[in-house]
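Structure file protein03.txt (compact mmCIF, C-alpha atoms) is printed below.
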# COMPACT_ATOMS: atom_id res chain seq x y z
CA MET A 1 -0.04 23.66 -7.13
CA PRO A 2 2.17 26.63 -8.01
CA THR A 3 1.34 28.51 -11.16
CA ARG A 4 3.39 30.61 -13.50
CA ARG A 5 2.62 34.11 -14.51
CA SER A 6 1.04 34.60 -17.92
CA LEU A 7 3.43 34.12 -20.82
CA PRO A 8 3.56 36.09 -24.08
CA ASN A 9 1.59 34.53 -26.91
CA ASP A 10 4.69 34.03 -29.04
CA LEU A 11 6.32 32.02 -26.25
CA LEU A 12 3.21 29.92 -25.76
CA LEU A 13 3.37 29.03 -29.43
CA ARG A 14 6.86 27.62 -28.92
CA MET A 15 5.79 25.44 -25.96
CA THR A 16 5.01 22.50 -28.23
CA CYS A 17 6.21 19.01 -29.10
CA LEU A 18 9.27 19.25 -31.33
CA MET A 19 7.85 16.54 -33.56
CA MET A 20 5.05 18.72 -34.97
CA PRO A 21 4.53 22.27 -36.28
CA PRO A 22 4.01 24.71 -33.37
CA ASN A 23 0.36 25.34 -32.52
CA PHE A 24 -0.18 25.57 -28.76
CA ALA A 25 -3.98 25.82 -28.82
CA LYS A 26 -4.22 22.73 -31.03
CA TYR A 27 -1.89 20.75 -28.75
CA ALA A 28 -3.85 21.78 -25.66
CA LYS A 29 -7.03 20.39 -27.21
CA LEU A 30 -5.23 17.19 -28.20
CA ALA A 31 -3.80 16.69 -24.70
CA ASP A 32 -7.28 17.09 -23.22
CA GLU A 33 -8.62 14.49 -25.65
CA VAL A 34 -5.84 12.07 -24.71
CA ARG A 35 -6.59 12.60 -21.03
CA GLU A 36 -10.26 11.82 -21.56
CA THR A 37 -9.32 8.62 -23.39
CA ALA A 38 -6.50 7.38 -21.14
CA GLU A 39 -8.25 8.32 -17.90
CA ALA A 40 -10.72 5.46 -18.32
CA PHE A 41 -7.91 2.89 -18.16
CA THR A 42 -5.34 4.58 -15.86
CA VAL A 43 -5.48 3.96 -12.11
CA PRO A 44 -3.57 5.32 -9.11
CA LEU A 45 -1.97 2.68 -6.90
CA ALA A 46 -1.52 3.28 -3.16
CA LEU A 47 0.80 0.79 -1.47
CA LEU A 48 -0.20 0.67 2.19
CA TRP A 49 1.58 -0.37 5.35
CA LEU A 50 -0.62 -1.32 8.28
CA ALA A 51 0.53 -0.13 11.72
CA ASP A 52 0.91 -2.58 14.59
CA ASP A 53 -2.55 -1.83 15.96
CA LYS A 54 -4.06 -2.53 12.50
CA GLN A 55 -6.11 0.66 12.78
CA ASN A 56 -3.76 3.40 11.59
CA ILE A 57 -3.13 3.12 7.84
CA ARG A 58 -0.33 5.18 6.35
CA ARG A 59 0.63 5.40 2.70
CA VAL A 60 4.19 4.30 2.02
CA GLU A 61 4.44 4.54 -1.75
CA ASN A 62 2.40 5.56 -4.76
CA GLY A 63 2.38 4.47 -8.37
CA SER A 64 0.20 4.27 -11.45
CA GLY A 65 -1.07 1.45 -13.63
CA VAL A 66 -3.10 0.66 -16.75
CA LEU A 67 -6.07 -1.72 -16.69
CA VAL A 68 -6.23 -4.28 -19.50
CA LYS A 69 -8.17 -7.49 -20.10
CA ILE A 70 -6.40 -10.36 -21.88
CA GLY A 71 -8.40 -13.53 -22.33
CA SER A 72 -10.13 -14.10 -19.00
CA ALA A 73 -7.48 -12.23 -17.00
CA HIS A 74 -8.01 -8.72 -15.60
CA ILE A 75 -4.62 -7.07 -15.23
CA VAL A 76 -2.93 -3.90 -14.00
CA LEU A 77 0.21 -3.21 -16.06
CA THR A 78 2.77 -1.19 -14.12
CA ALA A 79 6.47 -0.55 -13.60
CA GLY A 80 8.61 -3.34 -12.19
CA HIS A 81 9.79 -1.34 -9.19
CA VAL A 82 6.16 -0.55 -8.31
CA ALA A 83 5.31 -4.26 -8.46
CA VAL A 84 8.34 -5.12 -6.30
CA SER A 85 7.22 -2.62 -3.67
CA ALA A 86 3.66 -3.93 -3.89
CA ARG A 87 4.89 -7.37 -2.84
CA ARG A 88 6.28 -5.85 0.37
CA ALA A 89 3.20 -3.77 1.14
CA ASP A 90 0.46 -5.05 3.42
CA ALA A 91 -2.24 -3.88 1.02
CA ILE A 92 -2.60 -2.30 -2.43
CA HIS A 93 -5.45 0.14 -2.92
CA ILE A 94 -6.44 0.62 -6.57
CA GLY A 95 -8.30 3.85 -7.36
CA ILE A 96 -11.22 2.96 -9.60
CA GLN A 97 -13.59 5.87 -8.97
CA SER A 98 -13.44 9.54 -8.05
CA ASP A 99 -15.49 9.20 -4.86
CA ARG A 100 -13.86 8.00 -1.66
CA HIS A 101 -13.64 4.22 -1.60
CA LEU A 102 -11.38 1.39 -0.54
CA TRP A 103 -10.81 -1.37 -3.13
CA ILE A 104 -8.04 -3.76 -2.12
CA PRO A 105 -8.40 -6.80 -4.37
CA ALA A 106 -6.42 -10.01 -4.12
CA LEU A 107 -3.53 -9.84 -6.61
CA THR A 108 -1.02 -12.11 -8.31
CA ILE A 109 2.08 -9.94 -8.80
CA GLY A 110 4.89 -10.47 -11.30
CA SER A 111 7.95 -8.34 -12.08
CA VAL A 112 11.39 -8.01 -13.60
CA HIS A 113 13.36 -5.16 -12.04
CA VAL A 114 17.12 -4.87 -12.33
CA PRO A 115 18.23 -1.75 -10.41
CA GLY A 116 20.47 0.53 -12.43
CA THR A 117 19.02 -0.67 -15.73
CA PHE A 118 15.87 -0.03 -17.75
CA SER A 119 14.62 -3.61 -17.22
CA ASP A 120 11.61 -2.51 -15.18
CA LEU A 121 8.45 -4.51 -15.91
CA GLY A 122 5.52 -5.33 -13.67
CA TYR A 123 1.97 -6.59 -13.60
CA MET A 124 -0.78 -7.41 -11.13
CA ILE A 125 -3.48 -9.95 -12.01
CA ILE A 126 -6.72 -9.24 -10.17
CA ASP A 127 -8.42 -12.19 -8.52
CA PRO A 128 -11.51 -13.20 -10.57
CA ALA A 129 -13.77 -12.68 -7.55
CA ASP A 130 -12.69 -9.02 -7.39
CA ALA A 131 -12.24 -8.32 -11.09
CA SER A 132 -15.73 -7.11 -11.98
CA ARG A 133 -15.81 -4.01 -9.80
CA PRO A 134 -13.80 -1.61 -12.03
CA THR A 135 -16.31 -2.11 -14.85
CA ILE A 136 -19.09 -0.74 -12.63
CA ALA A 137 -17.01 2.15 -11.30
CA SER A 138 -15.44 4.92 -13.38
CA LYS A 139 -12.65 2.74 -14.80
CA VAL A 140 -12.74 0.07 -17.51
CA TYR A 141 -10.33 -2.54 -18.85
CA ALA A 142 -8.63 -1.66 -22.13
CA ASN A 143 -8.99 -3.97 -25.12
CA PRO A 144 -5.35 -4.69 -26.15
CA GLN A 145 -6.22 -5.23 -29.80
CA ARG A 146 -7.68 -1.74 -29.98
CA ARG A 147 -5.55 0.19 -27.51
CA ILE A 148 -2.07 -1.38 -27.52
CA ALA A 149 0.62 -1.17 -30.20
CA VAL A 150 3.72 -3.35 -29.89
CA LEU A 151 6.64 -1.30 -31.24
CA THR A 152 10.38 -1.30 -30.67
CA ALA A 153 12.02 1.93 -29.53
CA THR A 154 13.58 2.33 -32.97
CA GLU A 155 10.23 1.84 -34.74
CA LEU A 156 8.56 4.37 -32.46
CA ALA A 157 11.29 6.98 -32.89
CA ALA A 158 10.83 6.78 -36.66
CA LYS A 159 7.14 7.66 -36.45
CA ARG A 160 5.63 11.11 -36.87
CA CYS A 161 3.44 11.16 -33.81
CA HIS A 162 2.55 12.98 -30.63
CA ALA A 163 3.79 11.34 -27.43
CA PHE A 164 2.21 11.71 -23.99
CA VAL A 165 3.10 10.70 -20.44
CA VAL A 166 -0.01 9.84 -18.40
CA GLY A 167 -0.12 9.12 -14.67
CA TYR A 168 -0.88 10.23 -11.13
CA PRO A 169 1.90 12.35 -9.59
CA PHE A 170 1.74 12.26 -5.80
CA ALA A 171 2.65 15.96 -5.73
CA VAL A 172 -0.77 16.86 -7.12
CA MET A 173 -3.29 16.25 -4.35
CA ASP A 174 -7.04 16.64 -4.68
CA THR A 175 -8.22 17.52 -1.18
CA GLN A 176 -11.93 17.29 -0.40
CA PRO A 177 -13.92 17.18 2.87
CA THR A 178 -14.30 13.41 2.48
CA GLY A 179 -10.61 12.68 1.90
CA GLN A 180 -7.62 13.13 -0.38
CA GLY A 181 -6.72 11.75 -3.77
CA VAL A 182 -4.37 12.38 -6.66
CA ARG A 183 -5.22 13.93 -10.00
CA LEU A 184 -4.35 12.48 -13.38
CA LEU A 185 -2.01 14.59 -15.48
CA VAL A 186 -1.04 14.30 -19.14
CA TRP A 187 2.20 15.79 -20.48
CA HIS A 188 2.73 16.46 -24.16
CA THR A 189 6.34 15.48 -24.90
CA ALA A 190 8.91 15.01 -27.64
CA ILE A 191 10.64 11.70 -28.35
CA THR A 192 14.39 12.05 -28.06
CA GLY A 193 16.11 11.32 -31.34
CA SER A 194 13.29 12.71 -33.49
CA ASP A 195 13.58 15.70 -35.82
CA GLU A 196 15.47 18.49 -34.03
CA GLU A 197 16.27 16.22 -31.09
CA VAL A 198 19.63 14.47 -31.38
CA GLN A 199 19.79 12.40 -28.21
CA ASP A 200 20.26 8.64 -28.37
CA VAL A 201 17.04 6.58 -28.24
CA THR A 202 18.86 3.26 -28.07
CA ALA A 203 20.44 3.58 -24.62
CA SER A 204 18.36 0.52 -23.79
CA PRO A 205 16.90 -2.04 -26.19
CA HIS A 206 13.80 -2.15 -24.01
CA SER A 207 12.90 1.53 -23.63
CA ILE A 208 12.76 5.00 -25.14
CA GLY A 209 13.51 8.48 -23.81
CA LEU A 210 11.08 11.41 -23.89
CA VAL A 211 11.85 15.09 -23.46
CA VAL A 212 9.40 16.63 -20.98
CA PRO A 213 9.61 20.42 -21.48
CA GLU A 214 9.29 22.33 -18.21
CA SER A 215 6.98 24.83 -19.90
CA GLN A 216 4.95 22.25 -21.79
CA TYR A 217 1.19 22.05 -21.72
CA ALA A 218 -0.14 19.72 -19.02
CA SER A 219 -3.74 18.58 -19.13
CA PHE A 220 -5.62 18.39 -15.83
CA PRO A 221 -9.10 16.99 -15.10
CA VAL A 222 -10.13 20.62 -14.63
CA PRO A 223 -9.16 23.67 -16.73
CA ALA A 224 -5.65 24.90 -15.91
CA THR A 225 -3.02 26.92 -17.76
CA ASP A 226 0.57 27.96 -17.12
CA VAL A 227 1.07 25.21 -14.56
CA GLU A 228 4.41 24.25 -13.09
CA LEU A 229 5.15 20.60 -13.86
CA PRO A 230 5.36 18.72 -10.56
CA PRO A 231 7.84 15.96 -9.70
CA LEU A 232 6.81 12.79 -11.50
CA SER A 233 6.94 10.57 -8.40
CA GLY A 234 3.85 8.39 -8.50
CA VAL A 235 3.63 8.38 -12.30
CA SER A 236 5.73 5.19 -12.51
CA GLY A 237 3.66 2.51 -14.20
CA GLY A 238 1.45 5.03 -15.97
CA GLY A 239 1.17 4.81 -19.73
CA MET A 240 3.06 6.32 -22.62
CA TRP A 241 0.40 6.99 -25.25
CA ILE A 242 0.90 8.13 -28.84
CA VAL A 243 -1.39 9.79 -31.37
CA GLU A 244 -0.48 9.54 -35.03
CA GLN A 245 -1.34 12.08 -37.69
CA GLY A 246 -4.09 11.21 -40.12
CA HIS A 247 -3.71 11.56 -43.89
CA ASP A 248 -5.19 15.05 -43.57
CA GLY A 249 -2.50 16.05 -41.07
CA ASN A 250 -4.93 16.14 -38.15
CA ALA A 251 -4.74 14.08 -34.96
CA SER A 252 -7.41 12.99 -32.49
CA GLY A 253 -6.86 11.96 -28.89
CA GLU A 254 -9.66 9.42 -29.26
CA THR A 255 -7.18 7.26 -31.22
CA ALA A 256 -4.56 7.29 -28.43
CA THR A 257 -2.60 4.03 -28.32
CA LEU A 258 -0.60 2.60 -25.42
CA VAL A 259 3.01 1.83 -26.43
CA GLY A 260 4.92 1.95 -23.14
CA LEU A 261 4.94 2.40 -19.36
CA HIS A 262 6.70 5.17 -17.43
CA ILE A 263 9.63 3.87 -15.36
CA ALA A 264 11.98 6.77 -14.58
CA THR A 265 12.65 10.50 -14.76
CA GLY A 266 15.99 12.31 -14.91
CA TYR A 267 17.76 15.42 -16.16
CA ASP A 268 20.32 15.84 -18.92
CA ASN A 269 21.77 19.21 -19.99
CA GLY A 270 18.95 21.01 -18.21
CA GLN A 271 16.19 18.94 -19.82
CA ARG A 272 13.77 16.74 -17.93
CA LEU A 273 13.73 13.29 -19.50
CA ALA A 274 11.17 10.55 -18.98
CA ARG A 275 12.06 6.90 -19.64
CA GLU A 276 9.38 4.55 -20.95
CA VAL A 277 9.71 0.76 -21.22
CA MET A 278 8.13 -0.58 -24.39
CA ILE A 279 4.85 -2.38 -23.74
CA GLY A 280 5.80 -5.48 -25.74
CA HIS A 281 8.34 -6.50 -23.09
CA VAL A 282 5.69 -6.36 -20.34
CA LEU A 283 3.31 -8.47 -22.43
CA ARG A 284 6.09 -10.98 -23.16
CA LEU A 285 6.73 -11.28 -19.41
CA LEU A 286 3.04 -12.03 -18.91
CA ALA A 287 3.11 -14.67 -21.63
CA TYR A 288 6.24 -16.24 -20.11
CA GLU A 289 4.86 -16.45 -16.57
CA GLN A 290 1.09 -16.84 -17.04
CA LEU A 291 0.37 -19.94 -19.10
CA ALA A 292 -3.41 -19.42 -19.00
CA ILE A 293 -3.19 -16.33 -21.22
CA ARG A 294 -0.03 -17.10 -23.21
CA GLU A 295 -1.90 -18.10 -26.36
CA ASP A 296 -4.20 -15.06 -26.06
CA ILE A 297 -1.18 -12.76 -25.98
CA TYR A 298 0.60 -14.45 -28.87
CA GLY A 299 -2.64 -14.58 -30.85
CA MET A 300 -2.98 -10.80 -30.58
CA PHE A 301 0.72 -9.99 -30.98
CA PRO A 302 2.51 -12.85 -32.82
CA ARG A 303 5.83 -11.00 -32.95
CA LEU A 304 6.16 -11.32 -29.17
CA GLN A 305 7.13 -14.98 -29.64
CA ASP A 306 10.55 -13.73 -30.76
CA ASP A 307 12.97 -13.87 -27.83
CA GLU A 308 14.14 -10.31 -28.47
CA TRP A 309 11.10 -9.26 -26.43
CA ASP A 310 12.03 -11.37 -23.40
CA VAL A 311 13.82 -9.11 -20.93
CA SER A 312 14.13 -12.01 -18.49
CA LEU A 313 16.61 -13.62 -20.91
CA THR A 314 19.00 -10.65 -20.92
Structure translated into structure tokens:
Amino acid sequence: MPTRRSLPNDLLLRMTCLMMPPNFAKYAKLADEVRETAEAFTVPLALLWLADDKQNIRRVENGSGVLVKIGSAHIVLTAGHVAVSARRADAIHIGIQSDRHLWIPALTIGSVHVPGTFSDLGYMIIDPADASRPTIASKVYANPQRRIAVLTATELAAKRCHAFVVGYPFAVMDTQPTGQGVRLLVWHTAITGSDEEVQDVTASPHSIGLVVPESQYASFPVPATDVELPPLSGVSGGGMWIVEQGHDGNASGETATLVGLHIATGYDNGQRLAREVMIGHVLRLLAYEQLAIREDIYGMFPRLQDDEWDVSLT
């Protein structure tokens, strides 16, 4: 991973989310706290193609996902284009622990993906026979009532909060004698349309844009500073998490809440932008297609019964 040379302290102080007063050291601590929280629920996804001899396995695509439990269902929430690719793959390996392992559970896959738009929703329901393993590894299933907030893009843009992109970029490899893996990264970002930002947050009714500063603090599983942000390939399906300020003006990463899933990255006027689909649309898709958990979803989030959340209708 390339690193940058040390930067002057006054420049480091400006490398902060535009939504909050500049304080780089404080943001670094917050990003680390968010990583520690989100890491328990975030998994790397390796979509595998088996060669003709069934012995040589090569990785064809990588993505990220978030583990949640709704009713009796154990689910990986992810981007629609990741779910579409997963249907074509021969096997999907879900990374549930840091040691080398191979967990390829049986999955029921659902998606809405309209190329060229921000309708990009996906999920994978883990077969009940395979669902217990993540709870005995290093990953756990998130409780939606505690960890998920259903917000529209407009509602989110109006909040005073810290926003983070969390996922597993394929460009960041963790190479060990026993094998290779990817490392979770957390980027502290600014929501476009907030405060000094003037870009449109309503380009899609289903999603929101985030500014990802090239010099922004990125939290690794190990101490690192002045790191070059890698390409975000592989982060698709990872979570967008927010942390709101308390009444005392402080924020804690332990309160991080999932509000969206990462679906795309682009550039505009020299800025890297991340696009996040709002989590309510993914949950509405689940309720629409999976009758067994429909009432559980609507019981937790009654507003999702409104058809404005149903991307499949648009």
Quiz item: Separation of CA of Pro230 (chain A) and CA of Gly270 (chain A), in Å?
Solution: 15.8 Å
Practice problem: Can you work out which one of A:Glu244, A:Glu61, A:Glu295, A:Glu254 has the shortest atom-to-atom distance to Pro169 (chain A), counting all atoms listed in the file? | Solution: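 Selected residue with least distance to Pro169 (chain A): A:Glu61.
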Exercise. Find the residues near region 88-94 of chain A: any atom within 8 Å, counting all atoms listed in the file, skip ones fewer than 5 places away on the same chain, and give them as a list in words.
Key: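 Near region 88-94 of chain A, the qualifying residues are Val43, Pro44, Leu45, Ala46, Leu47, Leu48, Trp49, Leu50, Leu102, Trp103, Ile104 and Pro105 of chain A.
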For the selection you just gave me, I'd like the residues written to a file as a JSON list (two decimals), keeping the file's coordinate frame, keeping C-alpha atoms.
[["chain", "number", "residue", "atom", "x", "y", "z"],
["A", 43, "VAL", "CA", -5.48, 3.96, -12.11],
["A", 44, "PRO", "CA", -3.57, 5.32, -9.11],
["A", 45, "LEU", "CA", -1.97, 2.68, -6.90],
["A", 46, "ALA", "CA", -1.52, 3.28, -3.16],
["A", 47, "LEU", "CA", 0.80, 0.79, -1.47],
["A", 48, "LEU", "CA", -0.20, 0.67, 2.19],
["A", 49, "TRP", "CA", 1.58, -0.37, 5.35],
["A", 50, "LEU", "CA", -0.62, -1.32, 8.28],
["A", 102, "LEU", "CA", -11.38, 1.39, -0.54],
["A", 103, "TRP", "CA", -10.81, -1.37, -3.13],
["A", 104, "ILE", "CA", -8.04, -3.76, -2.12],
["A", 105, "PRO", "CA", -8.40, -6.80, -4.37]]
Practice problem: Return the single residue from A:Leu185, A:Ala149, A:Leu107, A:Cys161 that is closest to Ala251 (chain A), with distances computed using only C-alpha atoms. | Solution: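 Using only C-alpha atoms, Ala251 (chain A) sits closest to A:Cys161.
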Quiz item: Hey, which of A:Leu273, A:Ile293, A:Ala129, A:Val235 ends up closest to Arg183 (chain A)? Count only C-alpha atoms.
Solution: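 Once distances to Arg183 (chain A) are computed over only C-alpha atoms, the minimum belongs to A:Val235.
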Quiz item: Within 8 Å of (-0.8, -7.2, -11.9), in the coordinates the file gives, what residues turn up when you count all atoms listed in the file, written out as a PyMOL selection string?
Solution: chain A and resi 75-78+83+107-110+122-126
Practice problem: Rank nothing, just name the residue among A:Val211, A:Val311, A:Leu151, A:Val165 nearest to Met278 (chain A), using all atoms listed in the file. | Solution: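 With all atoms listed in the file as the atom set, the closest residue is A:Leu151.
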Quiz item: To one decimal place, how far is CA of Gln290 (chain A) from CA of Arg275 (chain A) in Å?
Solution: 26.3 Å
Practice problem: Considering all atoms listed in the file, state which residue in the set A:Ser64, A:Ser119, A:Ser98, A:Thr152 is at the smallest distance from Val82 (chain A). | Solution: A:Ser64
Practice problem: May I ask for the distance between CA of Ser111 (chain A) and CA of Val282 (chain A), given in Å to one decimal place? | Solution: 8.8 Å
Quiz prompt | Selected residue, from A:Leu304, A:Val150, A:Ile263, A:Ala79, that lies nearest to Ile279 (chain A) when counting all atoms listed in the file | solution =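 Using all atoms listed in the file, the shortest distance to Ile279 (chain A) belongs to A:Val150.
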Practice problem: Write out as an NGL selection string the residues lying within 12 Å of Tyr141 (chain A), counting all atoms listed in the file and excluding same-chain residues fewer than 6 positions away. | Solution: :A and (38-43 or 65-77 or 96 or 126 or 131-135 or 147)
With only C-alpha atoms as the counted atoms, please give the residues lying no more than 7 Å from Trp241 (chain A), apart from itself and same-chain residues fewer than 4 positions off, as a PDB file with C-alpha atoms, in the coordinates of the input.
ATOM      1  CA  ALA A 163       3.790  11.340 -27.430  1.00  0.00           C
ATOM      2  CA  PHE A 164       2.210  11.710 -23.990  1.00  0.00           C
ATOM      3  CA  VAL A 165       3.100  10.700 -20.440  1.00  0.00           C
ATOM      4  CA  ALA A 256      -4.560   7.290 -28.430  1.00  0.00           C
ATOM      5  CA  THR A 257      -2.600   4.030 -28.320  1.00  0.00           C
ATOM      6  CA  LEU A 258      -0.600   2.600 -25.420  1.00  0.00           C
ATOM      7  CA  VAL A 259       3.010   1.830 -26.430  1.00  0.00           C
TER       8      VAL A 259
END
Quiz item: Can you tell me, as a list in words, which residues sit within 9 Å of (1.6, 13.7, -12.0) in the file's frame, using only C-alpha atoms?
Solution: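 Those residues lying close to the given coordinates are Val166, Gly167, Tyr168, Pro169, Phe170, Ala171, Val172, Val182, Arg183, Leu184, Leu185, Val186, Trp187, Leu229, Pro230, Pro231, Leu232, Ser233, Gly234 and Val235 of chain A.
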Take region 82-95 of chain A, model N, CA, C and O atoms, and hand the result over as a CSV table (one decimal), in the coordinates of the input.
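File selection15.csv, as written:
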chain,number,residue,atom,x,y,z
A,82,VAL,N,7.4,-0.7,-9.0
A,82,VAL,CA,6.2,-0.6,-8.3
A,82,VAL,C,5.7,-1.9,-7.9
A,82,VAL,O,5.2,-2.1,-6.7
A,83,ALA,N,5.8,-2.9,-8.8
A,83,ALA,CA,5.3,-4.3,-8.5
A,83,ALA,C,6.2,-4.9,-7.3
A,83,ALA,O,5.6,-5.6,-6.5
A,84,VAL,N,7.5,-4.6,-7.4
A,84,VAL,CA,8.3,-5.1,-6.3
A,84,VAL,C,7.9,-4.5,-4.9
A,84,VAL,O,7.8,-5.3,-3.9
A,85,SER,N,7.7,-3.3,-4.9
A,85,SER,CA,7.2,-2.6,-3.7
A,85,SER,C,5.9,-3.1,-3.2
A,85,SER,O,5.6,-3.3,-2.0
A,86,ALA,N,5.0,-3.4,-4.2
A,86,ALA,CA,3.7,-3.9,-3.9
A,86,ALA,C,3.7,-5.3,-3.2
A,86,ALA,O,2.9,-5.6,-2.3
A,87,ARG,N,4.7,-6.1,-3.5
A,87,ARG,CA,4.9,-7.4,-2.8
A,87,ARG,C,5.2,-7.2,-1.4
A,87,ARG,O,4.8,-8.0,-0.5
A,88,ARG,N,5.9,-6.1,-1.0
A,88,ARG,CA,6.3,-5.8,0.4
A,88,ARG,C,5.2,-5.2,1.2
A,88,ARG,O,5.2,-5.2,2.4
A,89,ALA,N,4.3,-4.5,0.5
A,89,ALA,CA,3.2,-3.8,1.1
A,89,ALA,C,2.2,-4.7,1.8
A,89,ALA,O,2.0,-5.9,1.3
A,90,ASP,N,1.5,-4.3,2.8
A,90,ASP,CA,0.5,-5.0,3.4
A,90,ASP,C,-0.8,-5.0,2.6
A,90,ASP,O,-1.6,-6.0,2.7
A,91,ALA,N,-1.0,-4.0,1.8
A,91,ALA,CA,-2.2,-3.9,1.0
A,91,ALA,C,-2.0,-2.9,-0.1
A,91,ALA,O,-1.2,-2.0,0.0
A,92,ILE,N,-2.7,-3.2,-1.3
A,92,ILE,CA,-2.6,-2.3,-2.4
A,92,ILE,C,-4.0,-1.8,-2.7
A,92,ILE,O,-4.9,-2.6,-3.1
A,93,HIS,N,-4.2,-0.5,-2.6
A,93,HIS,CA,-5.4,0.1,-2.9
A,93,HIS,C,-5.4,0.6,-4.4
A,93,HIS,O,-4.5,1.4,-4.7
A,94,ILE,N,-6.4,0.2,-5.2
A,94,ILE,CA,-6.4,0.6,-6.6
A,94,ILE,C,-7.6,1.6,-6.7
A,94,ILE,O,-8.7,1.3,-6.4
A,95,GLY,N,-7.3,2.8,-7.2
A,95,GLY,CA,-8.3,3.8,-7.4
A,95,GLY,C,-9.1,3.7,-8.6
A,95,GLY,O,-8.6,3.9,-9.7
